[in-house]
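Listing of protein-v4.txt, compact mmCIF, C-alpha atoms
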```txt
# COMPACT_ATOMS: atom_id res chain seq x y z
CA MET V 1 90.16 53.37 144.21
CA LYS V 2 92.92 51.69 146.23
CA LEU V 3 92.38 47.98 146.85
CA LYS V 4 93.90 45.61 149.40
CA TYR V 5 93.03 42.64 147.26
CA THR V 6 91.57 42.26 143.83
CA SER V 7 91.16 39.48 141.33
CA HIS V 8 93.52 39.36 138.38
CA ASN V 9 90.92 37.73 136.16
CA GLU V 10 91.88 38.82 132.68
CA ASN V 11 88.48 37.78 131.35
CA ASP V 12 86.64 40.42 133.39
CA PRO V 13 85.89 43.19 130.85
CA SER V 14 84.33 45.64 133.31
CA ALA V 15 87.48 46.70 135.23
CA VAL V 16 91.11 47.58 134.62
CA VAL V 17 93.71 46.88 137.35
CA SER V 18 97.11 48.51 137.41
CA THR V 19 99.93 49.15 139.87
CA GLY V 20 99.86 52.63 141.37
CA ARG V 21 102.13 54.54 143.72
CA TYR V 22 100.36 53.22 146.81
CA GLY V 23 99.28 49.79 145.63
CA LEU V 24 96.86 48.24 143.18
CA VAL V 25 94.45 50.60 141.48
CA SER V 26 91.17 49.47 139.96
CA ARG V 27 89.04 51.55 137.64
CA ARG V 28 86.11 50.95 135.40
CA ARG V 29 87.03 50.18 131.83
CA VAL V 30 85.64 52.91 129.59
CA ILE V 31 85.82 52.89 125.81
CA PRO V 32 85.81 56.51 124.58
CA ALA V 33 83.16 57.47 122.07
CA ASN V 34 84.42 57.64 118.50
CA PRO V 35 81.53 58.60 116.19
CA ARG V 36 83.90 59.22 113.25
CA THR V 37 81.93 62.18 111.97
CA LYS V 38 82.86 63.92 108.75
CA ARG V 39 84.47 66.74 110.71
CA GLN V 40 86.52 64.32 112.85
CA THR V 41 87.71 62.41 109.81
CA GLU V 42 88.75 65.65 108.08
CA VAL V 43 90.74 66.89 111.08
CA ARG V 44 92.49 63.54 111.54
CA TRP V 45 93.38 63.37 107.84
CA ASN V 46 94.83 66.90 107.97
CA PHE V 47 96.87 65.99 111.05
CA ALA V 48 98.38 62.91 109.38
CA ASP V 49 98.95 64.72 106.07
CA GLN V 50 100.83 67.62 107.67
CA ALA V 51 102.96 65.25 109.75
CA ARG V 52 103.98 63.49 106.52
CA ARG V 53 104.70 66.80 104.78
CA PHE V 54 107.21 67.76 107.47
CA GLY V 55 109.43 64.85 106.41
CA HIS V 56 109.60 66.20 102.85
CA LEU V 57 110.95 69.62 103.84
CA THR V 58 114.56 70.58 103.20
CA ASP V 59 117.09 70.65 106.02
CA GLU V 60 117.06 74.45 105.97
CA GLN V 61 113.28 74.56 106.31
CA ILE V 62 113.30 72.05 109.18
CA ALA V 63 115.99 74.05 110.97
CA ALA V 64 113.91 77.22 110.55
CA TRP V 65 110.84 75.54 112.10
CA ASN V 66 112.93 74.20 114.99
CA ALA V 67 114.33 77.66 115.68
CA ALA V 68 110.88 79.29 115.54
CA ALA V 69 109.34 76.65 117.82
CA VAL V 70 111.59 77.60 120.76
CA THR V 71 109.48 80.69 121.43
CA HIS V 72 106.17 78.73 121.45
CA ARG V 73 104.98 76.60 124.35
CA SER V 74 102.45 73.82 124.57
CA HIS V 75 99.02 74.31 126.09
CA PRO V 76 99.43 74.04 129.89
CA ARG V 77 98.04 70.91 131.52
CA GLN V 78 98.04 70.61 135.31
CA GLY V 79 100.24 73.69 135.51
CA GLN V 80 102.94 72.32 133.22
CA SER V 81 103.96 73.22 129.67
CA GLY V 82 107.07 73.04 127.53
CA PRO V 83 108.56 74.39 124.30
CA LEU V 84 107.29 72.96 121.05
CA THR V 85 109.41 71.11 118.52
CA GLY V 86 109.60 72.16 114.90
CA LEU V 87 107.26 69.30 113.97
CA HIS V 88 104.70 70.37 116.57
CA LEU V 89 104.69 73.98 115.38
CA PHE V 90 104.53 72.95 111.70
CA VAL V 91 101.54 70.68 112.32
CA ARG V 92 99.76 73.22 114.53
CA VAL V 93 100.02 76.04 111.98
CA ASN V 94 99.23 74.04 108.86
CA CYS V 95 96.38 72.03 110.38
CA LYS V 96 94.71 75.30 111.35
CA LEU V 97 95.16 76.62 107.81
CA ALA V 98 93.88 73.40 106.25
CA LEU V 99 90.80 73.48 108.49
CA PHE V 100 89.68 76.65 106.71
CA GLY V 101 90.85 75.70 103.23
CA LEU V 102 93.95 77.94 103.21
CA GLU V 103 97.29 77.17 101.59
CA PRO V 104 99.90 75.45 103.83
CA LEU V 105 103.24 77.02 104.73
CA ASP V 106 106.68 75.45 104.21
CA THR V 107 108.54 78.12 106.18
CA PRO V 108 107.58 79.54 109.59
CA PRO V 109 105.60 82.80 109.38
CA PRO V 110 106.76 85.98 111.15
CA PRO V 111 105.26 86.84 114.55
CA PRO V 112 101.60 87.74 113.94
CA VAL V 113 100.09 91.18 114.46
CA PHE V 114 96.40 90.74 115.25
CA PRO V 115 93.88 93.40 114.21
CA GLU V 116 91.08 94.43 116.53
CA LEU V 117 88.18 92.00 116.68
CA ALA V 118 85.04 93.17 114.90
CA PRO V 119 82.37 91.20 116.85
CA GLN V 120 81.26 93.08 119.97
CA GLU V 121 78.05 91.40 121.13
CA LEU V 122 75.89 88.29 120.60
CA ILE V 123 72.17 88.84 120.01
CA ILE V 124 69.50 86.15 119.65
CA THR V 125 65.98 87.04 118.50
CA ASN V 126 62.79 85.01 118.17
CA THR V 127 60.26 86.64 115.86
CA ALA V 128 57.10 84.61 115.19
CA GLY V 129 59.01 81.41 115.99
CA VAL V 130 61.95 82.21 113.68
CA ILE V 131 65.16 82.24 115.75
CA ALA V 132 68.07 84.34 114.49
CA VAL V 133 71.61 84.33 115.94
CA LYS V 134 73.59 87.46 115.10
CA LEU V 135 76.81 89.24 116.05
CA VAL V 136 77.04 92.99 116.41
CA CYS V 137 79.91 94.03 114.12
CA PRO V 138 80.51 97.77 113.85
CA ALA V 139 83.50 97.04 111.57
CA ASP V 140 84.17 94.52 108.82
CA PRO V 141 85.46 91.21 110.35
CA GLY V 142 87.35 90.39 107.17
CA ASN V 143 88.14 86.80 106.22
CA ASN V 144 90.08 85.75 109.34
CA THR V 145 87.63 85.95 112.27
CA VAL V 146 87.20 82.42 113.66
CA LEU V 147 83.97 81.57 115.47
CA ARG V 148 83.55 78.80 118.03
CA ALA V 149 80.21 78.01 119.64
CA SER V 150 78.91 75.74 122.38
CA PRO V 151 75.97 73.36 122.25
CA PRO V 152 72.82 74.74 123.93
CA GLN V 153 73.51 75.03 127.65
CA SER V 154 71.44 75.48 130.79
CA PRO V 155 70.28 79.11 131.11
CA GLY V 156 71.79 79.30 134.59
CA ARG V 157 75.35 78.59 133.44
CA GLY V 158 77.82 81.44 133.64
CA THR V 159 80.85 79.76 132.04
CA CYS V 160 81.47 77.14 129.39
CA GLU V 161 84.53 75.25 128.16
CA THR V 162 82.95 73.11 125.43
CA PHE V 163 83.36 74.87 122.08
CA ARG V 164 83.40 73.76 118.48
CA VAL V 165 84.53 75.63 115.38
CA ILE V 166 81.50 76.67 113.34
CA GLY V 167 83.30 78.72 110.68
CA MET V 168 84.43 82.22 109.78
CA CYS V 169 82.40 85.30 110.63
CA PRO V 170 80.37 86.39 107.58
CA ALA V 171 80.24 89.94 106.31
CA PRO V 172 77.86 92.12 108.33
CA VAL V 173 74.72 93.71 106.93
CA ALA V 174 73.68 96.99 108.58
CA GLY V 175 76.09 96.23 111.45
CA PHE V 176 74.89 92.65 112.12
CA ALA V 177 76.57 89.41 111.01
CA ASP V 178 73.99 86.62 110.74
CA ILE V 179 75.51 83.33 111.98
CA THR V 180 72.24 81.40 112.27
CA ALA V 181 73.13 79.05 109.40
CA LEU V 182 76.62 78.39 110.82
CA TYR V 183 75.24 77.50 114.25
CA THR V 184 72.32 75.43 112.95
CA ALA V 185 74.57 73.40 110.65
CA CYS V 186 76.68 72.37 113.66
CA PHE V 187 74.18 72.02 116.51
CA GLY V 188 70.72 72.26 114.97
CA PRO V 189 68.12 74.93 115.78
CA PRO V 190 68.74 76.42 119.24
CA PRO V 191 65.88 75.56 121.65
CA VAL V 192 63.98 78.30 123.44
CA GLY V 193 65.20 79.06 126.94
CA ARG V 194 68.70 77.63 126.52
CA ARG V 195 71.93 79.65 126.65
CA ILE V 196 74.51 79.79 123.85
CA PHE V 197 78.17 80.66 124.36
CA LEU V 198 80.35 81.92 121.52
CA ARG V 199 84.03 82.79 121.16
CA ALA V 200 85.53 84.96 118.45
CA SER V 201 89.23 85.24 117.64
CA THR V 202 91.40 86.53 114.81
CA MET V 203 93.63 84.13 112.85
CA VAL V 204 96.81 85.34 111.15
CA SER V 205 99.11 82.82 109.41
CA GLY V 206 97.75 79.92 111.46
CA PHE V 207 98.03 81.73 114.81
CA GLU V 208 94.99 82.87 116.78
CA SER V 209 94.52 85.82 119.09
CA LEU V 210 93.02 85.59 122.55
CA PRO V 211 89.27 85.08 122.11
CA LEU V 212 86.39 87.26 123.17
CA GLN V 213 83.53 85.30 124.71
CA PHE V 214 79.85 86.16 124.48
CA SER V 215 76.69 84.48 125.70
CA ALA V 216 72.99 85.01 125.12
CA ARG V 217 69.75 83.28 126.00
CA VAL V 218 67.29 82.11 123.36
CA PRO V 219 64.16 84.16 124.07
CA ALA V 220 60.57 83.03 123.80
CA CYS V 221 58.51 84.01 120.81
CA VAL V 222 57.62 87.69 120.81
CA ALA V 223 53.93 86.95 120.32
CA GLU V 224 53.92 84.49 123.22
CA ALA V 225 55.88 86.79 125.48
CA SER V 226 53.52 89.72 124.87
CA SER V 227 50.31 87.78 125.45
CA SER V 228 48.72 88.48 128.80
CA PRO V 229 48.00 85.53 131.10
CA LYS V 230 44.43 84.39 131.55
CA PRO V 231 42.83 85.57 134.78
CA TRP V 232 41.97 83.06 137.46
CA PRO V 233 38.24 82.39 137.83
CA ALA V 234 36.61 84.24 140.70
CA PRO V 235 35.80 81.97 143.64
CA ALA V 236 32.13 81.13 144.06
CA ARG V 237 30.38 82.95 146.84
CA ARG V 238 28.71 80.95 149.52
CA ARG V 239 25.15 81.72 150.40
CA PRO V 240 24.55 82.54 154.04
CA ALA V 241 22.92 79.75 156.00
CA SER V 242 19.21 80.32 156.53
```
Here is a file; write its structure as structure tokens.
Amino acid sequence: MKLKYTSHNENDPSAVVSTGRYGLVSRRRVIPANPRTKRQTEVRWNFADQARRFGHLTDEQIAAWNAAAVTHRSHPRQGQSGPLTGLHLFVRVNCKLALFGLEPLDTPPPPPVFPELAPQELIITNTAGVIAVKLVCPADPGNNTVLRASPPQSPGRGTCETFRVIGMCPAPVAGFADITALYTACFGPPPVGRRIFLRASTMVSGFESLPLQFSARVPACVAEASSSPKPWPAPARRRPAS
């Protein structure tokens, strides 16, 4: 919000005033949430550890990472992106590997060749109150299929951008990979009537393929859905006036 005049009281904790292109700009002071969960702490430790490891590489290894990083660009923000540095690429690859307990790399890997994704569909069932979240997998997903899921969303939503890594796709049984435990450990039991979004991608040497996105609605219990509604009582008949 552009202001013609504002107080420069430094003791006011509710607002932050700065100089913008067209004058003074005032905005509400917001302290971002920092719950410091176990997952957050692990990711931050991996980030710092890999950044330190880059300084212990040899000159030849650093030059190799710098040369490989020229062909990789940063994630676009507001339509802009740029080439990565060797440090950026090193941290990106090894943090992804560390997230899944894989060995770090000291030299840049060759360009990845991604296999075809095994998951093809997301299915959610509710049998006698027991909710199961499964992926249809005609083929074996192997040990490198990364799954990201969203918290329970409104059933009317058609898109979602809030995803969290829940783990690797487990081995399928009779063509279905049960991911109920992975989802519940991250978000708790999915409530009936809400929609769940899921993305699956293949990871090779710290690089991920373009994801496939699925969504499904948590159905009501089969017993409840099959029960017939109670009929309305018949209206009482009036007796004709005598």
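Here atom CA of V:Thr184 is placed at a distance of 19.5 Å from atom CA of V:Pro35.
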Selection near V:Thr145, 12 Å with all atoms listed in the file, sequence-local residues under 3 positions removed, as a short mmCIF file (atom, residue, chain, number, x, y, z; two decimals) with C-alpha atoms, in the coordinates of the input:
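Now in selection-v2.cif:
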```cif
data_model
loop_
_atom_site.label_atom_id
_atom_site.label_comp_id
_atom_site.auth_asym_id
_atom_site.auth_seq_id
_atom_site.Cartn_x
_atom_site.Cartn_y
_atom_site.Cartn_z
CA PHE V 100 89.68 76.65 106.71
CA PHE V 114 96.40 90.74 115.25
CA PRO V 115 93.88 93.40 114.21
CA GLU V 116 91.08 94.43 116.53
CA LEU V 117 88.18 92.00 116.68
CA ALA V 118 85.04 93.17 114.90
CA PRO V 119 82.37 91.20 116.85
CA LEU V 135 76.81 89.24 116.05
CA CYS V 137 79.91 94.03 114.12
CA ALA V 139 83.50 97.04 111.57
CA ASP V 140 84.17 94.52 108.82
CA PRO V 141 85.46 91.21 110.35
CA GLY V 142 87.35 90.39 107.17
CA ARG V 148 83.55 78.80 118.03
CA VAL V 165 84.53 75.63 115.38
CA ILE V 166 81.50 76.67 113.34
CA GLY V 167 83.30 78.72 110.68
CA MET V 168 84.43 82.22 109.78
CA CYS V 169 82.40 85.30 110.63
CA PRO V 170 80.37 86.39 107.58
CA ALA V 171 80.24 89.94 106.31
CA ALA V 177 76.57 89.41 111.01
CA ARG V 199 84.03 82.79 121.16
CA ALA V 200 85.53 84.96 118.45
CA SER V 201 89.23 85.24 117.64
CA THR V 202 91.40 86.53 114.81
CA MET V 203 93.63 84.13 112.85
CA VAL V 204 96.81 85.34 111.15
CA GLY V 206 97.75 79.92 111.46
CA PHE V 207 98.03 81.73 114.81
CA GLU V 208 94.99 82.87 116.78
CA SER V 209 94.52 85.82 119.09
CA LEU V 210 93.02 85.59 122.55
CA PRO V 211 89.27 85.08 122.11
CA LEU V 212 86.39 87.26 123.17
#
```
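Going from atom CA of V:Leu87 to atom CA of V:Leu102 covers 19.2 Å.
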Discussion item. Applying 12 Å and all atoms listed in the file, which residues near stretch 70-81 of chain V remain after dropping the ones on its own chain fewer than 6 positions away? List them as a PyMOL selection string.
Written reply: chain V and resi 63-64+87-90+92-93+108+110-111+207
Practice prompt. Determine, counting all atoms listed in the file, which protein, DNA and RNA residues have an atom within 12 Å of an atom of V:Val130; residues of the same chain fewer than 4 positions away are not included. Present the result as number ranges by chain.
Written response: V: 124-126, 180, 189-192, 218-223
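Rounded to one decimal, atom CA of V:Glu121 and atom CA of V:Cys186 lie 20.5 Å from each other.
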Response to the item:
Closest of V:Ser215, V:Asn144, V:Asn94, V:Ser150 to V:Asp49, counting only C-alpha atoms, is V:Asn94
Worksheet, complete the sentence: Shortest contact to V:Ile123, candidates V:Leu84, V:Ile179, V:Val91, V:Val16, atoms counted all atoms listed in the file, goes to V:Ile179
Discussion item. Excluding V:Val43 and its own-chain neighbours fewer than 3 positions away, which residues fall within 12 Å of it when counting only C-alpha atoms? Please give them as a list in words.
Written reply: Arg36, Thr37, Lys38, Arg39, Gln40, Asn46, Phe47, Ala48, Asp49, Gln50, Val91, Arg92, Asn94, Cys95, Lys96, Leu97, Ala98, Leu99, Phe100, Gly101 and Val165 of chain V
Would you mind exporting the chosen residues as a PDB file, keeping the file's coordinate frame, restricted to C-alpha atoms?
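Result written to selection-v1.pdb:
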```pdb
ATOM      1  CA  ARG V  36      83.900  59.220 113.250  1.00  0.00           C
ATOM      2  CA  THR V  37      81.930  62.180 111.970  1.00  0.00           C
ATOM      3  CA  LYS V  38      82.860  63.920 108.750  1.00  0.00           C
ATOM      4  CA  ARG V  39      84.470  66.740 110.710  1.00  0.00           C
ATOM      5  CA  GLN V  40      86.520  64.320 112.850  1.00  0.00           C
ATOM      6  CA  ASN V  46      94.830  66.900 107.970  1.00  0.00           C
ATOM      7  CA  PHE V  47      96.870  65.990 111.050  1.00  0.00           C
ATOM      8  CA  ALA V  48      98.380  62.910 109.380  1.00  0.00           C
ATOM      9  CA  ASP V  49      98.950  64.720 106.070  1.00  0.00           C
ATOM     10  CA  GLN V  50     100.830  67.620 107.670  1.00  0.00           C
ATOM     11  CA  VAL V  91     101.540  70.680 112.320  1.00  0.00           C
ATOM     12  CA  ARG V  92      99.760  73.220 114.530  1.00  0.00           C
ATOM     13  CA  ASN V  94      99.230  74.040 108.860  1.00  0.00           C
ATOM     14  CA  CYS V  95      96.380  72.030 110.380  1.00  0.00           C
ATOM     15  CA  LYS V  96      94.710  75.300 111.350  1.00  0.00           C
ATOM     16  CA  LEU V  97      95.160  76.620 107.810  1.00  0.00           C
ATOM     17  CA  ALA V  98      93.880  73.400 106.250  1.00  0.00           C
ATOM     18  CA  LEU V  99      90.800  73.480 108.490  1.00  0.00           C
ATOM     19  CA  PHE V 100      89.680  76.650 106.710  1.00  0.00           C
ATOM     20  CA  GLY V 101      90.850  75.700 103.230  1.00  0.00           C
ATOM     21  CA  VAL V 165      84.530  75.630 115.380  1.00  0.00           C
TER      22      VAL V 165
END
```
Discussion item. Residues proximal to (74.7, 78.4, 131.8) were defined as those with any atom within 12 Å of that point in the file's coordinates, counting only C-alpha atoms. Which are they, as a list in words?
Written reply: Ser150, Pro151, Pro152, Gln153, Ser154, Pro155, Gly156, Arg157, Gly158, Thr159, Cys160, Glu161, Thr162, Gly193, Arg194, Arg195, Ile196, Phe197, Phe214, Ser215, Ala216, Arg217 and Val218 of chain V
Discussion item. Here is a test: counting only C-alpha atoms, which residue of V:Gly23, V:Ile131, V:Phe54, V:Val136 is nearest to V:Pro104?
Written reply: V:Phe54
Practice prompt. Tell me which protein, DNA and RNA residues are within 9 Å of V:Pro109, counting all atoms listed in the file, leaving out same-chain ones fewer than 4 positions away, and put them as a PyMOL selection string.
Written response: chain V and resi 68+105+205-206
Could you model N, CA and C atoms for stretch 169-195 of chain V and present them as a PDB file, in the coordinates of the input?
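Written output follows (rebuild35.pdb):
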```
ATOM      1  N   CYS V 169      83.463  84.316 110.487  1.00  0.00           N
ATOM      2  CA  CYS V 169      82.400  85.300 110.630  1.00  0.00           C
ATOM      3  C   CYS V 169      82.042  85.865 109.257  1.00  0.00           C
ATOM      4  N   PRO V 170      80.756  85.840 108.883  1.00  0.00           N
ATOM      5  CA  PRO V 170      80.370  86.390 107.580  1.00  0.00           C
ATOM      6  C   PRO V 170      80.377  87.917 107.597  1.00  0.00           C
ATOM      7  N   ALA V 171      80.259  88.485 106.434  1.00  0.00           N
ATOM      8  CA  ALA V 171      80.240  89.940 106.310  1.00  0.00           C
ATOM      9  C   ALA V 171      78.954  90.498 106.932  1.00  0.00           C
ATOM     10  N   PRO V 172      79.053  91.575 107.686  1.00  0.00           N
ATOM     11  CA  PRO V 172      77.860  92.120 108.330  1.00  0.00           C
ATOM     12  C   PRO V 172      76.975  92.891 107.352  1.00  0.00           C
ATOM     13  N   VAL V 173      75.698  92.923 107.685  1.00  0.00           N
ATOM     14  CA  VAL V 173      74.720  93.710 106.930  1.00  0.00           C
ATOM     15  C   VAL V 173      74.057  94.664 107.915  1.00  0.00           C
ATOM     16  N   ALA V 174      74.217  95.946 107.685  1.00  0.00           N
ATOM     17  CA  ALA V 174      73.680  96.990 108.580  1.00  0.00           C
ATOM     18  C   ALA V 174      74.196  96.799 110.008  1.00  0.00           C
ATOM     19  N   GLY V 175      75.469  96.363 110.134  1.00  0.00           N
ATOM     20  CA  GLY V 175      76.090  96.230 111.450  1.00  0.00           C
ATOM     21  C   GLY V 175      75.855  94.918 112.147  1.00  0.00           C
ATOM     22  N   PHE V 176      75.176  93.942 111.501  1.00  0.00           N
ATOM     23  CA  PHE V 176      74.890  92.650 112.120  1.00  0.00           C
ATOM     24  C   PHE V 176      75.361  91.531 111.193  1.00  0.00           C
ATOM     25  N   ALA V 177      76.131  90.594 111.747  1.00  0.00           N
ATOM     26  CA  ALA V 177      76.570  89.410 111.010  1.00  0.00           C
ATOM     27  C   ALA V 177      75.684  88.241 111.403  1.00  0.00           C
ATOM     28  N   ASP V 178      74.924  87.711 110.471  1.00  0.00           N
ATOM     29  CA  ASP V 178      73.990  86.620 110.740  1.00  0.00           C
ATOM     30  C   ASP V 178      74.745  85.292 110.721  1.00  0.00           C
ATOM     31  N   ILE V 179      74.806  84.625 111.873  1.00  0.00           N
ATOM     32  CA  ILE V 179      75.510  83.330 111.980  1.00  0.00           C
ATOM     33  C   ILE V 179      74.525  82.210 112.279  1.00  0.00           C
ATOM     34  N   THR V 180      73.248  82.425 111.992  1.00  0.00           N
ATOM     35  CA  THR V 180      72.240  81.400 112.270  1.00  0.00           C
ATOM     36  C   THR V 180      72.533  80.117 111.503  1.00  0.00           C
ATOM     37  N   ALA V 181      72.868  80.241 110.216  1.00  0.00           N
ATOM     38  CA  ALA V 181      73.130  79.050 109.400  1.00  0.00           C
ATOM     39  C   ALA V 181      74.368  78.308 109.892  1.00  0.00           C
ATOM     40  N   LEU V 182      75.413  79.038 110.315  1.00  0.00           N
ATOM     41  CA  LEU V 182      76.620  78.390 110.820  1.00  0.00           C
ATOM     42  C   LEU V 182      76.311  77.590 112.090  1.00  0.00           C
ATOM     43  N   TYR V 183      75.547  78.189 112.988  1.00  0.00           N
ATOM     44  CA  TYR V 183      75.240  77.500 114.250  1.00  0.00           C
ATOM     45  C   TYR V 183      74.313  76.318 114.007  1.00  0.00           C
ATOM     46  N   THR V 184      73.287  76.505 113.188  1.00  0.00           N
ATOM     47  CA  THR V 184      72.320  75.430 112.950  1.00  0.00           C
ATOM     48  C   THR V 184      72.965  74.246 112.255  1.00  0.00           C
ATOM     49  N   ALA V 185      73.906  74.507 111.352  1.00  0.00           N
ATOM     50  CA  ALA V 185      74.570  73.400 110.650  1.00  0.00           C
ATOM     51  C   ALA V 185      75.387  72.543 111.602  1.00  0.00           C
ATOM     52  N   CYS V 186      75.839  73.109 112.714  1.00  0.00           N
ATOM     53  CA  CYS V 186      76.680  72.370 113.660  1.00  0.00           C
ATOM     54  C   CYS V 186      75.880  71.752 114.799  1.00  0.00           C
ATOM     55  N   PHE V 187      74.900  72.484 115.319  1.00  0.00           N
ATOM     56  CA  PHE V 187      74.180  72.020 116.510  1.00  0.00           C
ATOM     57  C   PHE V 187      72.671  71.898 116.320  1.00  0.00           C
ATOM     58  N   GLY V 188      72.156  72.277 115.176  1.00  0.00           N
ATOM     59  CA  GLY V 188      70.720  72.260 114.970  1.00  0.00           C
ATOM     60  C   GLY V 188      70.088  73.547 115.499  1.00  0.00           C
ATOM     61  N   PRO V 189      68.782  73.709 115.306  1.00  0.00           N
ATOM     62  CA  PRO V 189      68.120  74.930 115.780  1.00  0.00           C
ATOM     63  C   PRO V 189      68.237  75.069 117.294  1.00  0.00           C
ATOM     64  N   PRO V 190      68.605  76.241 117.790  1.00  0.00           N
ATOM     65  CA  PRO V 190      68.740  76.420 119.240  1.00  0.00           C
ATOM     66  C   PRO V 190      67.367  76.400 119.918  1.00  0.00           C
ATOM     67  N   PRO V 191      67.181  75.616 120.977  1.00  0.00           N
ATOM     68  CA  PRO V 191      65.880  75.560 121.650  1.00  0.00           C
ATOM     69  C   PRO V 191      65.638  76.791 122.508  1.00  0.00           C
ATOM     70  N   VAL V 192      64.377  77.132 122.645  1.00  0.00           N
ATOM     71  CA  VAL V 192      63.980  78.300 123.440  1.00  0.00           C
ATOM     72  C   VAL V 192      64.347  78.072 124.905  1.00  0.00           C
ATOM     73  N   GLY V 193      64.872  79.110 125.533  1.00  0.00           N
ATOM     74  CA  GLY V 193      65.200  79.060 126.940  1.00  0.00           C
ATOM     75  C   GLY V 193      66.618  78.605 127.251  1.00  0.00           C
ATOM     76  N   ARG V 194      67.337  78.090 126.283  1.00  0.00           N
ATOM     77  CA  ARG V 194      68.700  77.630 126.520  1.00  0.00           C
ATOM     78  C   ARG V 194      69.682  78.780 126.276  1.00  0.00           C
ATOM     79  N   ARG V 195      70.895  78.625 126.802  1.00  0.00           N
ATOM     80  CA  ARG V 195      71.930  79.650 126.650  1.00  0.00           C
ATOM     81  C   ARG V 195      72.996  79.169 125.670  1.00  0.00           C
TER      82      ARG V 195
END
```
